[in-house]
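Step one of this worksheet: look at the structure below.
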Amino acid sequence: NIAEIPYLNWQWKVTKLPEGGDVRTRATDDQAAQVYIVFPKFPLQVNSRIIGYIWDTNAPKGSIAISQKFSRTRYVVLRSGKNDLNKWFNEKRNVYEDYKMLFGEEPPKMGKISIMIDSDDTKSSAEAFFGDIYLSRN
């Protein structure tokens, strides 16, 4: 229940960005690092809500985007570009508040947390490392 345990914490480091990646465009929707929170809603394939915290190549840090591939996915760009490559960062997000802001409703029960590296649309490559991922009350 993310109303009671709302914070997602993790560590990540990106060493290589996908060339030309940009979450704002379907043809270049690749990111070096993605942390997803899935909120299942029946029917799962069409109604589940997803928050993606991403490290993008070009979209500005702090920007919010709706996936060009699945409209129920919302992205928060936490890091962007090459300036911080090869450095570890600790991240902490209030998923409960982010969900309400991104979807305009109370969140359902949280499902899964997943991590990804994506570079297929740009036909390039990317590399990222992830450390501890955990939920906390504060």
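Convention: chains lettered A, B, ... in structure tokens order; per-chain residue numbering from 1; ligands numbered from 1 as shown.
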message: Can you pull out the residues contacting region 38-48 of chain A? Cut-off 9 Å, using only C-alpha atoms, and skip same-chain residues under 3 positions away; I want them as a PyMOL selection string.
response: chain A and resi 51-52+70+72-73+107-114
field: Closest of A:Tyr36, A:Val23, A:Glu105, A:Lys92 to Ile50 (chain A) - atom-to-atom distances counting only C-alpha atoms
entry: A:Tyr36
- request: Step one, run DSSP on the backbone; step two, keep only residues of region 19-124 of chain A assigned to helix (DSSP H, G or I); then write them as a count of residues only.
  value: 16
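The closest residue to Arg79 (chain A), picked from A:Glu91, A:Glu97, A:Asp56, A:Asp118 and counting only C-alpha atoms, is A:Asp56.
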- request: Enumerate, as an MDAnalysis selection string, the complete set of residues in region 4-93 of chain A that a backbone-based DSSP assignment places in strand (DSSP E or B).
  value: chainID A and resid 7:16 33:39 49:56 64:66 73:80 89:93
- request: Between A:Tyr96, A:Tyr134, A:Phe89, A:Phe129, single out the one closest to Ala3 (chain A), counting only C-alpha atoms.
  value: A:Tyr96
Spatial neighbours of Leu85 (chain A), max dist 9 Å, only C-alpha atoms, sep filter under 4 positions, as a list of chain:residue names: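 Near neighbours after the sequence-gap exclusion: A:Lys13, A:Val14, A:Thr15, A:Lys16, A:Leu17, A:Gly81.
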Best match for closeness to Ser124 (chain A) among A:Thr25, A:Gln31, A:Asn1, A:Ser136, counting only C-alpha atoms: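 Looking at the shortest contact to Ser124 (chain A), the residue is A:Gln31.
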task: Pick out the residues sitting within 12 Å of Pro60 (chain A), and hand them over as a PyMOL selection string; count only C-alpha atoms, and ignore anything fewer than 6 positions along from it in its own chain.
output: chain A and resi 21-24+54+75-82
Proximity to Asn9 (chain A) - best of A:Trp88, A:Arg26, A:Ser71, A:Asp132, only C-alpha atoms: A:Asp132
message: Counting only C-alpha atoms, which residue out of A:Thr122, A:Asn94, A:Ser67, A:Thr28 sits closest to Leu135 (chain A)?
response: A:Asn94
field: Two-atom distance - CA of Asn90 (chain A), CA of Gly131 (chain A) (Å)
entry: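 Between CA of Asn90 (chain A) and CA of Gly131 (chain A) the gap works out to 8.8 Å.
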field: Contact residues around Ser119 (chain A) with only C-alpha atoms at 6 Å, ignoring same-chain residues under 5 positions, as a PyMOL selection string
entry: chain A and resi 18+30+124-125
